[in-house]
Amino acid sequence: MPQGQDTSSYTGRFDGTHSKHASPAMAAMAESANPNEINVGMLPTSTKWSVLSSRMEGLVAELSEMVSKQDAYCISHSRAEGKAMRAVREKMLSTPWADEWDQRRCMFSYGEEMSTDPLEAVLLKQLVFMAKPRRVLEIGMFVGYGAVAMLEGSPAARVVSLEIDPYLKEWLGSCLSDAGCTDLMQRHEVLLGPALESLPKLTGEFDMVFVDANKAEYKAYVEGILARGFLAAGGVIICDNILYNGYPYMHSHFDAQPARRHFGDAVRDFNQWVTDHPDLEQVMLPVRDGISIIRRTEDSLQAQPEVSAKEGISGGEWLKLSGHPCSWGVDYADHPSNPAWDKVISLMSVAGYTGTDLGPVGYYDTERLGSMLNGLKLDLVAGNIFEKLHEPDQLQAIIEKTKTSCTTLKKFGAKFFVIVPHTVPEKEATAGRSQDAPRLPDEKWDYMMSAIREVAKVVKSQGICCMLHPHAGSWIEYEDEMERALKDLPADLVSLCLDTGHCTYAGMDPVEKFKKHVARIPYMQLKDIDPVVLKRMQDIKGSFWDGVTGGIFCVLGKGKVDYPALLRAMKASGFSGYATIEQDFDNKIDDEEKKLMYPATCSMQSVKYLRDLASAM
Ligand SMILES: C[S@@+](CC[C@H](N)C(=O)[O-])C[C@H]1O[C@@H](n2cnc3c(N)ncnc32)[C@H](O)[C@@H]1O
């Protein structure tokens, strides 16, 4: 206060106010001939006050501007809704929810406020885009606006939604199918039932979890996820509605809907439990009804390896699965009917593989391969040649291809190289019928063995494990041929790539052969053989290629190979590492969608089958 100023003396106007007028009414009168056309620039604000009522009016106006427009502004400027999201939102807005409930078609009374709103949905989409989770778990789906947003966020993401109401699964399925979003549907699985009952049925790990079902069960969901090891080491849990209408931090005196209080209290207790949890850290964000992002602390992750390694083994982590371009019909790098390599490798990731084989030299673009592997979180596992090793004039070219392949394998850390003898007309014609099939004369056989040794030496010099893969319709197919080759080739130079499908096609039992040669089998190729097609081929004396186009190679678990017995034998022997799933396919078809999606769908089923088996052991 200036010296000598008397606090009780009249001061006149308080300098410092910036108000031009005493009240809004006077401002309106001063600015416009029509008092209904108020110039907002002249209205009082919380600071440009003159008397108390003007100050309060200013405060309310300022608050209302700031608060009521914030969400609308954010939503109107957040534009990331894709085709599938739009289809879901539009169908949701046109669904007569009150009628559906009146007719008891759905389990609960719904409204569009049940759905993740556009702002939060596009936030989820961007989070998925950034974090590139391979598997996402959603608890509580409603019409799937959030699930679809996450599926749109990354073509490599697969989402499993737990939802109690069958009506909603049906609703979303027909919505996406009508909108033509079949690719997206392939990556989405909806498990029906109460979430706490569905959780124990899940297998594997999730990189992201979105919790959004019964608010009273949030703590039980997160406890279950952590206890069962479902959260991957780098994974996050996102919880919706953690500010639940303000109930967790407001006094119950202000409850607008007292019936909601018990959910509000449950969310409050959950938030506190996470805050106090020694192994968790979280950030709470006031987006819409509040979201929290939770992860395990670095310390708890450091302390975990022993436990998670054990859990991993019992959770099926001992078996890793890789895909091969041959499942998309790619046997030769430059065949005109080949699908685009980058689409194939992306679909491998979608199918649930964590690795890929290189396939024929030249098919994968090695300039872009590194970034694709990184982006899709895939390992490069093995390379192969499919060549006429019995023909001396081919050897030089085969050696060159082997060197090129090994350079790429080495660059990306792959460990295996597989020599596959090419099919020959004499044996193609008798595939699967040992009695009818000719054998290679001794002299030519010896030459073929020497050629394999030459190739194997090149591979070994690169520090890569070289393996021989007996193949139906080739000169190394049947039991006598396979055993002879294994005797003729030094075990420290050439290992055995046991292919369960080719083994079965040739009349051998792959479980027996695995047990017999286990010391020489660090990596495998897994196929299955449809017994009906096999029988038909034997009856009509069909060729190897008749068998392939006739669908002799089928989804794993649907054929002759006894996979439970094989995996038991593998686990018992301490096998740990990669096996490549293959399902040879004829891609010479006009349907481009089928060319990509049929192998992807089969792969997905085979991966799921083996993952479930491996986890149960
Ligand atoms: C808020 S909505 C989920 C919104 C959704 N996450 C989205 O992105 O739009 C909650 C959903 O959880 C489901 N739900 C409620 N209790 C459940 C339970 N115990 N188990 C599974 N789902 C449940 C409801 O049927 C409802 O569809």
# chains A, B, ... in the order shown; residues from 1 in each chain; ligands from 1
>>> closest_atom_pairs(of="chain A", to="ligand 1", cutoff="9 Å", atoms="only C-alpha atoms and all ligand atoms", output="CSV")
residue,atom,partner,partner_atom_place_in_ligand_line,distance
A:Cys106,CA,ligand 1,25 (O),8.9
A:Met107,CA,ligand 1,25 (O),7.3
A:Phe108,CA,ligand 1,25 (O),7.0
A:Tyr110,CA,ligand 1,27 (O),8.2
A:Glu112,CA,ligand 1,9 (O),8.8
A:Glu113,CA,ligand 1,1 (C),7.9
A:Met114,CA,ligand 1,1 (C),4.5
A:Ser115,CA,ligand 1,9 (O),3.5
A:Thr116,CA,ligand 1,9 (O),3.9
A:Asp117,CA,ligand 1,9 (O),7.2
A:Glu120,CA,ligand 1,8 (O),8.6
A:Ala121,CA,ligand 1,8 (O),6.8
A:Glu138,CA,ligand 1,6 (N),6.8
A:Ile139,CA,ligand 1,21 (C),6.3
A:Gly140,CA,ligand 1,12 (O),3.4
A:Met141,CA,ligand 1,5 (C),4.0
A:Phe142,CA,ligand 1,27 (O),3.1
A:Val143,CA,ligand 1,9 (O),5.9
A:Gly144,CA,ligand 1,9 (O),5.1
A:Tyr145,CA,ligand 1,9 (O),4.7
A:Gly146,CA,ligand 1,8 (O),3.2
A:Ala147,CA,ligand 1,8 (O),5.8
A:Val148,CA,ligand 1,8 (O),8.1
A:Ala149,CA,ligand 1,8 (O),8.2
A:Ser161,CA,ligand 1,6 (N),8.6
A:Leu162,CA,ligand 1,21 (C),5.5
A:Glu163,CA,ligand 1,22 (N),3.8
A:Ile164,CA,ligand 1,22 (N),4.0
A:Asp165,CA,ligand 1,25 (O),5.3
A:Pro166,CA,ligand 1,25 (O),8.9
A:Leu168,CA,ligand 1,27 (O),7.1
A:Leu191,CA,ligand 1,21 (C),8.9
A:Leu192,CA,ligand 1,21 (C),7.4
A:Gly193,CA,ligand 1,21 (C),6.0
A:Pro194,CA,ligand 1,20 (N),3.6
A:Ala195,CA,ligand 1,20 (N),3.7
A:Leu196,CA,ligand 1,19 (N),6.6
A:Glu197,CA,ligand 1,20 (N),8.1
A:Ser198,CA,ligand 1,20 (N),8.1
A:Phe210,CA,ligand 1,6 (N),7.3
A:Val211,CA,ligand 1,6 (N),7.3
A:Asp212,CA,ligand 1,6 (N),5.0
A:Ala213,CA,ligand 1,12 (O),3.6
A:Asn214,CA,ligand 1,16 (N),4.3
A:Lys215,CA,ligand 1,16 (N),8.1
A:Glu217,CA,ligand 1,19 (N),7.5
A:Asp240,CA,ligand 1,6 (N),8.1
A:Asn241,CA,ligand 1,1 (C),8.4
>>> write_last_selection(atoms="C-alpha atoms", output="CSV table (one decimal), in the first residue's frame")
chain,number,residue,atom,x,y,z
A,106,CYS,CA,-30.0,-58.0,-25.4
A,107,MET,CA,-29.0,-58.8,-21.8
A,108,PHE,CA,-29.0,-55.2,-20.5
A,110,TYR,CA,-28.0,-50.1,-23.6
A,112,GLU,CA,-24.6,-45.1,-27.0
A,113,GLU,CA,-23.0,-43.8,-23.8
A,114,MET,CA,-21.9,-47.4,-23.1
A,115,SER,CA,-19.5,-47.1,-26.0
A,116,THR,CA,-16.0,-45.8,-25.9
A,117,ASP,CA,-16.5,-42.3,-27.3
A,120,GLU,CA,-11.0,-42.1,-26.4
A,121,ALA,CA,-11.4,-44.6,-29.2
A,138,GLU,CA,-10.3,-56.1,-24.1
A,139,ILE,CA,-12.6,-56.8,-21.1
A,140,GLY,CA,-16.1,-55.5,-21.9
A,141,MET,CA,-16.7,-54.9,-25.6
A,142,PHE,CA,-20.2,-53.4,-26.1
A,143,VAL,CA,-20.5,-52.9,-29.9
A,144,GLY,CA,-16.8,-53.0,-30.3
A,145,TYR,CA,-16.0,-49.4,-31.2
A,146,GLY,CA,-12.9,-49.5,-29.0
A,147,ALA,CA,-11.9,-53.0,-30.3
A,148,VAL,CA,-12.2,-51.9,-33.9
A,149,ALA,CA,-10.2,-48.8,-33.2
A,161,SER,CA,-12.6,-59.3,-26.4
A,162,LEU,CA,-14.3,-60.8,-23.4
A,163,GLU,CA,-18.0,-59.9,-23.5
A,164,ILE,CA,-21.0,-61.3,-21.5
A,165,ASP,CA,-23.7,-60.5,-24.0
A,166,PRO,CA,-24.0,-62.8,-27.1
A,168,LEU,CA,-23.3,-57.8,-29.1
A,191,LEU,CA,-15.1,-64.8,-26.0
A,192,LEU,CA,-18.6,-64.9,-24.6
A,193,GLY,CA,-19.3,-65.2,-20.9
A,194,PRO,CA,-18.6,-63.4,-17.6
A,195,ALA,CA,-15.1,-62.0,-17.9
A,196,LEU,CA,-14.0,-63.6,-14.6
A,197,GLU,CA,-14.9,-67.0,-16.0
A,198,SER,CA,-13.4,-66.4,-19.4
A,210,PHE,CA,-8.2,-52.6,-22.1
A,211,VAL,CA,-10.3,-52.9,-19.0
A,212,ASP,CA,-13.9,-51.7,-19.5
A,213,ALA,CA,-16.5,-54.1,-18.2
A,214,ASN,CA,-18.1,-54.3,-14.7
A,215,LYS,CA,-16.6,-51.5,-12.6
A,217,GLU,CA,-14.7,-56.2,-10.8
A,240,ASP,CA,-11.5,-46.8,-18.6
A,241,ASN,CA,-13.9,-44.8,-16.3
>>> residues_around(residues="range 497-512 of chain A", least_positions_apart="2", cutoff="9 Å", atoms="only C-alpha atoms", output="JSON, numbers by chain")
{"A": [418, 419, 431, 432, 433, 434, 466, 467, 468, 469, 470, 471, 472, 477, 478, 479, 495, 514, 515, 516, 517, 520, 521, 522, 523, 524, 525, 526, 527, 528, 529, 534, 552, 553, 560, 561, 562, 563, 565, 566, 567, 569, 570, 582, 583]}
>>> write_last_selection(atoms="N, CA and C atoms", output="compact mmCIF listing (two decimals), in the first residue's frame")
# COMPACT_ATOMS: atom_id res chain seq x y z
N VAL A 418 18.00 -74.88 -44.55
CA VAL A 418 17.41 -76.19 -44.85
C VAL A 418 17.61 -76.54 -46.32
N ILE A 419 18.22 -77.71 -46.55
CA ILE A 419 18.40 -78.19 -47.93
C ILE A 419 17.22 -79.10 -48.26
N ALA A 431 4.38 -90.30 -55.48
CA ALA A 431 4.48 -89.74 -54.12
C ALA A 431 3.57 -90.49 -53.16
N GLY A 432 4.13 -90.85 -52.02
CA GLY A 432 3.34 -91.52 -50.99
C GLY A 432 3.18 -93.01 -51.22
N ARG A 433 3.75 -93.55 -52.30
CA ARG A 433 3.59 -94.99 -52.57
C ARG A 433 4.98 -95.60 -52.75
N SER A 434 5.59 -95.94 -51.64
CA SER A 434 6.98 -96.38 -51.62
C SER A 434 7.21 -97.58 -52.54
N CYS A 466 23.19 -76.35 -40.79
CA CYS A 466 22.65 -76.86 -42.05
C CYS A 466 21.84 -78.13 -41.80
N MET A 467 20.68 -78.24 -42.45
CA MET A 467 19.80 -79.37 -42.18
C MET A 467 19.29 -79.95 -43.49
N LEU A 468 19.05 -81.25 -43.47
CA LEU A 468 18.48 -81.92 -44.65
C LEU A 468 16.99 -82.18 -44.39
N HIS A 469 16.20 -81.90 -45.42
CA HIS A 469 14.74 -82.03 -45.30
C HIS A 469 14.25 -83.03 -46.35
N PRO A 470 13.98 -84.27 -45.96
CA PRO A 470 13.39 -85.21 -46.90
C PRO A 470 12.05 -84.67 -47.41
N HIS A 471 11.75 -84.89 -48.69
CA HIS A 471 10.58 -84.26 -49.30
C HIS A 471 9.84 -85.24 -50.20
N ALA A 472 8.53 -85.28 -50.08
CA ALA A 472 7.73 -86.17 -50.94
C ALA A 472 7.98 -85.83 -52.40
N GLU A 477 12.96 -89.32 -49.92
CA GLU A 477 11.54 -89.26 -49.54
C GLU A 477 11.17 -90.31 -48.49
N TYR A 478 11.47 -91.56 -48.81
CA TYR A 478 10.99 -92.67 -47.97
C TYR A 478 11.97 -92.99 -46.86
N GLU A 479 11.52 -93.86 -45.96
CA GLU A 479 12.31 -94.20 -44.78
C GLU A 479 13.72 -94.68 -45.15
N SER A 495 22.31 -81.62 -40.02
CA SER A 495 21.29 -82.07 -39.06
C SER A 495 20.05 -82.48 -39.84
N PHE A 514 11.05 -88.63 -34.65
CA PHE A 514 11.58 -87.58 -33.78
C PHE A 514 12.37 -88.20 -32.64
N LYS A 515 11.77 -89.22 -32.00
CA LYS A 515 12.44 -89.85 -30.85
C LYS A 515 13.76 -90.47 -31.29
N LYS A 516 13.76 -91.09 -32.46
CA LYS A 516 14.97 -91.78 -32.92
C LYS A 516 16.11 -90.78 -33.20
N HIS A 517 15.77 -89.65 -33.83
CA HIS A 517 16.83 -88.74 -34.28
C HIS A 517 16.91 -87.44 -33.47
N ARG A 520 19.69 -85.00 -33.36
CA ARG A 520 20.08 -84.33 -34.62
C ARG A 520 19.00 -83.35 -35.08
N ILE A 521 18.04 -83.04 -34.18
CA ILE A 521 16.90 -82.19 -34.60
C ILE A 521 16.79 -80.93 -33.72
N PRO A 522 17.48 -79.85 -34.08
CA PRO A 522 17.35 -78.63 -33.28
C PRO A 522 16.20 -77.74 -33.73
N TYR A 523 15.59 -78.08 -34.86
CA TYR A 523 14.55 -77.24 -35.45
C TYR A 523 13.67 -78.15 -36.30
N MET A 524 12.37 -77.82 -36.41
CA MET A 524 11.47 -78.72 -37.15
C MET A 524 10.55 -77.97 -38.09
N GLN A 525 9.95 -78.71 -38.99
CA GLN A 525 8.89 -78.14 -39.82
C GLN A 525 7.63 -78.97 -39.60
N LEU A 526 6.54 -78.28 -39.33
CA LEU A 526 5.31 -78.96 -38.92
C LEU A 526 4.21 -78.80 -39.97
N LYS A 527 3.74 -79.92 -40.46
CA LYS A 527 2.63 -79.94 -41.42
C LYS A 527 1.66 -81.00 -40.94
N ASP A 528 0.48 -81.04 -41.56
CA ASP A 528 -0.41 -82.15 -41.27
C ASP A 528 -0.96 -82.70 -42.59
N ILE A 529 -1.35 -83.96 -42.56
CA ILE A 529 -1.80 -84.65 -43.78
C ILE A 529 -3.24 -85.09 -43.61
N LEU A 534 -5.15 -88.30 -48.67
CA LEU A 534 -4.03 -89.23 -48.85
C LEU A 534 -4.53 -90.56 -49.41
N ILE A 552 -4.01 -82.04 -49.70
CA ILE A 552 -3.47 -83.08 -48.82
C ILE A 552 -2.85 -82.48 -47.56
N PHE A 553 -2.29 -81.26 -47.68
CA PHE A 553 -1.72 -80.60 -46.50
C PHE A 553 -2.83 -79.76 -45.87
N LYS A 560 -3.50 -86.53 -39.91
CA LYS A 560 -3.01 -87.80 -39.37
C LYS A 560 -1.95 -87.65 -38.28
N VAL A 561 -1.25 -86.51 -38.27
CA VAL A 561 -0.12 -86.40 -37.33
C VAL A 561 -0.64 -86.31 -35.89
N ASP A 562 -0.03 -87.10 -35.03
CA ASP A 562 -0.45 -87.11 -33.62
C ASP A 562 0.31 -86.00 -32.88
N TYR A 563 -0.22 -84.78 -33.00
CA TYR A 563 0.51 -83.64 -32.41
C TYR A 563 0.61 -83.68 -30.89
N ALA A 565 1.05 -86.25 -29.06
CA ALA A 565 2.17 -87.17 -28.76
C ALA A 565 3.50 -86.53 -29.18
N LEU A 566 3.49 -85.86 -30.32
CA LEU A 566 4.74 -85.25 -30.80
C LEU A 566 5.21 -84.16 -29.83
N LEU A 567 4.27 -83.29 -29.42
CA LEU A 567 4.68 -82.21 -28.52
C LEU A 567 5.12 -82.74 -27.15
N ALA A 569 6.62 -85.57 -26.73
CA ALA A 569 7.99 -86.09 -26.95
C ALA A 569 8.98 -84.93 -27.06
N MET A 570 8.58 -83.87 -27.74
CA MET A 570 9.47 -82.71 -27.89
C MET A 570 9.75 -82.09 -26.52
N GLU A 582 3.99 -75.22 -41.90
CA GLU A 582 3.83 -75.08 -43.36
C GLU A 582 2.56 -75.80 -43.80
N GLN A 583 1.91 -75.20 -44.79
CA GLN A 583 0.76 -75.87 -45.39
C GLN A 583 0.80 -75.53 -46.87
>>> select_by_dssp(residues="range 131-367 of chain A", states="strand (DSSP E)", output="PyMOL selection string")
chain A and resi 135-139+158-163+188-192+206-211+231-240+280-285+291-296+319-323+355-356
>>> residues_around(residues="Leu127 in chain A", least_positions_apart="5", cutoff="9 Å", atoms="only C-alpha atoms", output="PyMOL selection string")
chain A and resi 122+132+150+153
>>> atom_distance(atom1="CA of Lys69 in chain A", atom2="CA of Phe263 in chain A")
27.9 Å
>>> residues_around(residues="Ala614 in chain A", least_positions_apart="6", cutoff="8 Å", atoms="only C-alpha atoms", output="PDB file with N, CA and C atoms, in the first residue's frame")
ATOM      1  N   GLY A 315       3.810 -72.185 -19.781  1.00  0.00           N
ATOM      2  CA  GLY A 315       2.828 -71.482 -20.605  1.00  0.00           C
ATOM      3  C   GLY A 315       3.054 -71.720 -22.086  1.00  0.00           C
ATOM      4  N   GLY A 316       3.900 -72.655 -22.442  1.00  0.00           N
ATOM      5  CA  GLY A 316       4.060 -73.005 -23.855  1.00  0.00           C
ATOM      6  C   GLY A 316       5.126 -72.225 -24.579  1.00  0.00           C
ATOM      7  N   GLU A 317       5.867 -71.387 -23.835  1.00  0.00           N
ATOM      8  CA  GLU A 317       6.880 -70.556 -24.494  1.00  0.00           C
ATOM      9  C   GLU A 317       8.057 -71.364 -25.025  1.00  0.00           C
ATOM     10  N   TRP A 318       8.172 -72.618 -24.612  1.00  0.00           N
ATOM     11  CA  TRP A 318       9.281 -73.441 -25.092  1.00  0.00           C
ATOM     12  C   TRP A 318       9.180 -73.682 -26.597  1.00  0.00           C
ATOM     13  N   LEU A 319       7.972 -73.559 -27.124  1.00  0.00           N
ATOM     14  CA  LEU A 319       7.787 -73.789 -28.561  1.00  0.00           C
ATOM     15  C   LEU A 319       7.470 -72.458 -29.244  1.00  0.00           C
ATOM     16  N   LEU A 567       4.270 -83.292 -29.416  1.00  0.00           N
ATOM     17  CA  LEU A 567       4.684 -82.208 -28.518  1.00  0.00           C
ATOM     18  C   LEU A 567       5.119 -82.738 -27.153  1.00  0.00           C
TER      19      LEU A 567
END
>>> closest_residue(among="A:Ser573, A:Thr549, A:Ser615, A:Ser346", to="Ala519 in chain A", atoms="only C-alpha atoms")
A:Ser573
